[in-house]
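Comments concern the structure below.
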Amino acid sequence: MNKLLKYIGVGIFVGWSIAMLVNYSIYEYTTMQTTLFHPIIDGILFMALMVGIYFLSIFLYKNKEANASILLGILGVIAISIAFYFYT
């Protein structure tokens, strides 16, 4: 099961990266005002961050389930706060 969870995380990251590279023509003309580096680079870095959080939550869940729940709750509040800040 542990290998399966790792393959799922890596598979999602690789699939996301390939999808972004295949659709490069769309992202090529995206505005650069809201990006840190380039839309493609930012997307891959964002997905790498999400995969890191995925593996961290798996690690925390194996050690103590409550810690994983707390982490996901905190990350959810942060995500909603950021969305509220930037889109209202």
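Ordering of the structure tokens sets the chain letters (A, B, ...), residue numbers begin anew at 1 in every chain, and ligands are numbered from 1 in the order given.
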### Task
Give the alpha helix (DSSP H) residues of segment 1-79 of chain A, as DSSP finds them on the backbone, and put them as a VMD selection string.
chain A and resid 2 to 22 24 to 28 39 to 63 65 to 79
Just to be explicit: take each residue in the selection above, keep C-alpha atoms, and write the result as a PDB file, in the first residue's frame.
```pdb
ATOM      1  CA  ASN A   2       2.879   2.350   0.783  1.00  0.00           C
ATOM      2  CA  LYS A   3       4.330   1.901  -2.713  1.00  0.00           C
ATOM      3  CA  LEU A   4       0.920   2.499  -4.255  1.00  0.00           C
ATOM      4  CA  LEU A   5       0.517   5.792  -2.393  1.00  0.00           C
ATOM      5  CA  LYS A   6       3.963   6.923  -3.541  1.00  0.00           C
ATOM      6  CA  TYR A   7       3.223   5.958  -7.147  1.00  0.00           C
ATOM      7  CA  ILE A   8      -0.058   7.873  -7.011  1.00  0.00           C
ATOM      8  CA  GLY A   9       1.707  11.034  -5.805  1.00  0.00           C
ATOM      9  CA  VAL A  10       4.519  10.805  -8.335  1.00  0.00           C
ATOM     10  CA  GLY A  11       2.087   9.870 -11.114  1.00  0.00           C
ATOM     11  CA  ILE A  12      -0.074  12.914 -10.450  1.00  0.00           C
ATOM     12  CA  PHE A  13       2.990  15.181 -10.443  1.00  0.00           C
ATOM     13  CA  VAL A  14       4.393  13.736 -13.679  1.00  0.00           C
ATOM     14  CA  GLY A  15       0.969  13.811 -15.353  1.00  0.00           C
ATOM     15  CA  TRP A  16       0.404  17.430 -14.335  1.00  0.00           C
ATOM     16  CA  SER A  17       3.848  18.427 -15.626  1.00  0.00           C
ATOM     17  CA  ILE A  18       3.321  16.657 -18.954  1.00  0.00           C
ATOM     18  CA  ALA A  19      -0.123  18.247 -19.355  1.00  0.00           C
ATOM     19  CA  MET A  20       1.344  21.700 -18.784  1.00  0.00           C
ATOM     20  CA  LEU A  21       4.152  21.113 -21.270  1.00  0.00           C
ATOM     21  CA  VAL A  22       1.755  19.727 -23.898  1.00  0.00           C
ATOM     22  CA  TYR A  24       2.543  25.182 -23.573  1.00  0.00           C
ATOM     23  CA  SER A  25       0.982  27.276 -26.332  1.00  0.00           C
ATOM     24  CA  ILE A  26      -1.864  28.216 -23.984  1.00  0.00           C
ATOM     25  CA  TYR A  27       0.409  29.161 -21.089  1.00  0.00           C
ATOM     26  CA  GLU A  28       2.867  30.973 -23.368  1.00  0.00           C
ATOM     27  CA  PRO A  39       3.485  30.391 -15.934  1.00  0.00           C
ATOM     28  CA  ILE A  40       4.887  26.924 -16.752  1.00  0.00           C
ATOM     29  CA  ILE A  41       7.604  27.074 -14.079  1.00  0.00           C
ATOM     30  CA  ASP A  42       5.128  28.395 -11.505  1.00  0.00           C
ATOM     31  CA  GLY A  43       2.670  25.604 -12.309  1.00  0.00           C
ATOM     32  CA  ILE A  44       5.297  22.891 -11.940  1.00  0.00           C
ATOM     33  CA  LEU A  45       6.594  24.423  -8.691  1.00  0.00           C
ATOM     34  CA  PHE A  46       3.040  24.644  -7.352  1.00  0.00           C
ATOM     35  CA  MET A  47       2.417  20.995  -8.170  1.00  0.00           C
ATOM     36  CA  ALA A  48       5.732  20.023  -6.554  1.00  0.00           C
ATOM     37  CA  LEU A  49       4.567  21.825  -3.414  1.00  0.00           C
ATOM     38  CA  MET A  50       1.272  19.923  -3.521  1.00  0.00           C
ATOM     39  CA  VAL A  51       3.083  16.584  -3.920  1.00  0.00           C
ATOM     40  CA  GLY A  52       5.280  17.511  -0.948  1.00  0.00           C
ATOM     41  CA  ILE A  53       2.182  18.225   1.137  1.00  0.00           C
ATOM     42  CA  TYR A  54       0.709  14.916  -0.065  1.00  0.00           C
ATOM     43  CA  PHE A  55       3.746  12.949   1.107  1.00  0.00           C
ATOM     44  CA  LEU A  56       3.914  14.920   4.367  1.00  0.00           C
ATOM     45  CA  SER A  57       0.278  14.133   5.124  1.00  0.00           C
ATOM     46  CA  ILE A  58       0.876  10.429   4.401  1.00  0.00           C
ATOM     47  CA  PHE A  59       3.884  10.469   6.747  1.00  0.00           C
ATOM     48  CA  LEU A  60       1.930  12.231   9.486  1.00  0.00           C
ATOM     49  CA  TYR A  61      -1.052   9.904   9.047  1.00  0.00           C
ATOM     50  CA  LYS A  62       1.152   6.856   9.548  1.00  0.00           C
ATOM     51  CA  ASN A  63       2.621   8.301  12.741  1.00  0.00           C
ATOM     52  CA  GLU A  65      -3.815  10.411  12.485  1.00  0.00           C
ATOM     53  CA  ALA A  66      -4.662  13.514  14.505  1.00  0.00           C
ATOM     54  CA  ASN A  67      -1.547  15.328  13.269  1.00  0.00           C
ATOM     55  CA  ALA A  68      -2.521  14.736   9.641  1.00  0.00           C
ATOM     56  CA  SER A  69      -6.021  16.057  10.318  1.00  0.00           C
ATOM     57  CA  ILE A  70      -4.620  19.161  12.001  1.00  0.00           C
ATOM     58  CA  LEU A  71      -2.219  19.765   9.080  1.00  0.00           C
ATOM     59  CA  LEU A  72      -4.982  19.443   6.492  1.00  0.00           C
ATOM     60  CA  GLY A  73      -7.277  21.699   8.513  1.00  0.00           C
ATOM     61  CA  ILE A  74      -4.615  24.402   8.802  1.00  0.00           C
ATOM     62  CA  LEU A  75      -3.782  24.155   5.100  1.00  0.00           C
ATOM     63  CA  GLY A  76      -7.478  24.414   4.245  1.00  0.00           C
ATOM     64  CA  VAL A  77      -7.867  27.585   6.293  1.00  0.00           C
ATOM     65  CA  ILE A  78      -4.746  29.063   4.674  1.00  0.00           C
ATOM     66  CA  ALA A  79      -5.991  28.189   1.171  1.00  0.00           C
TER      67      ALA A  79
END
```
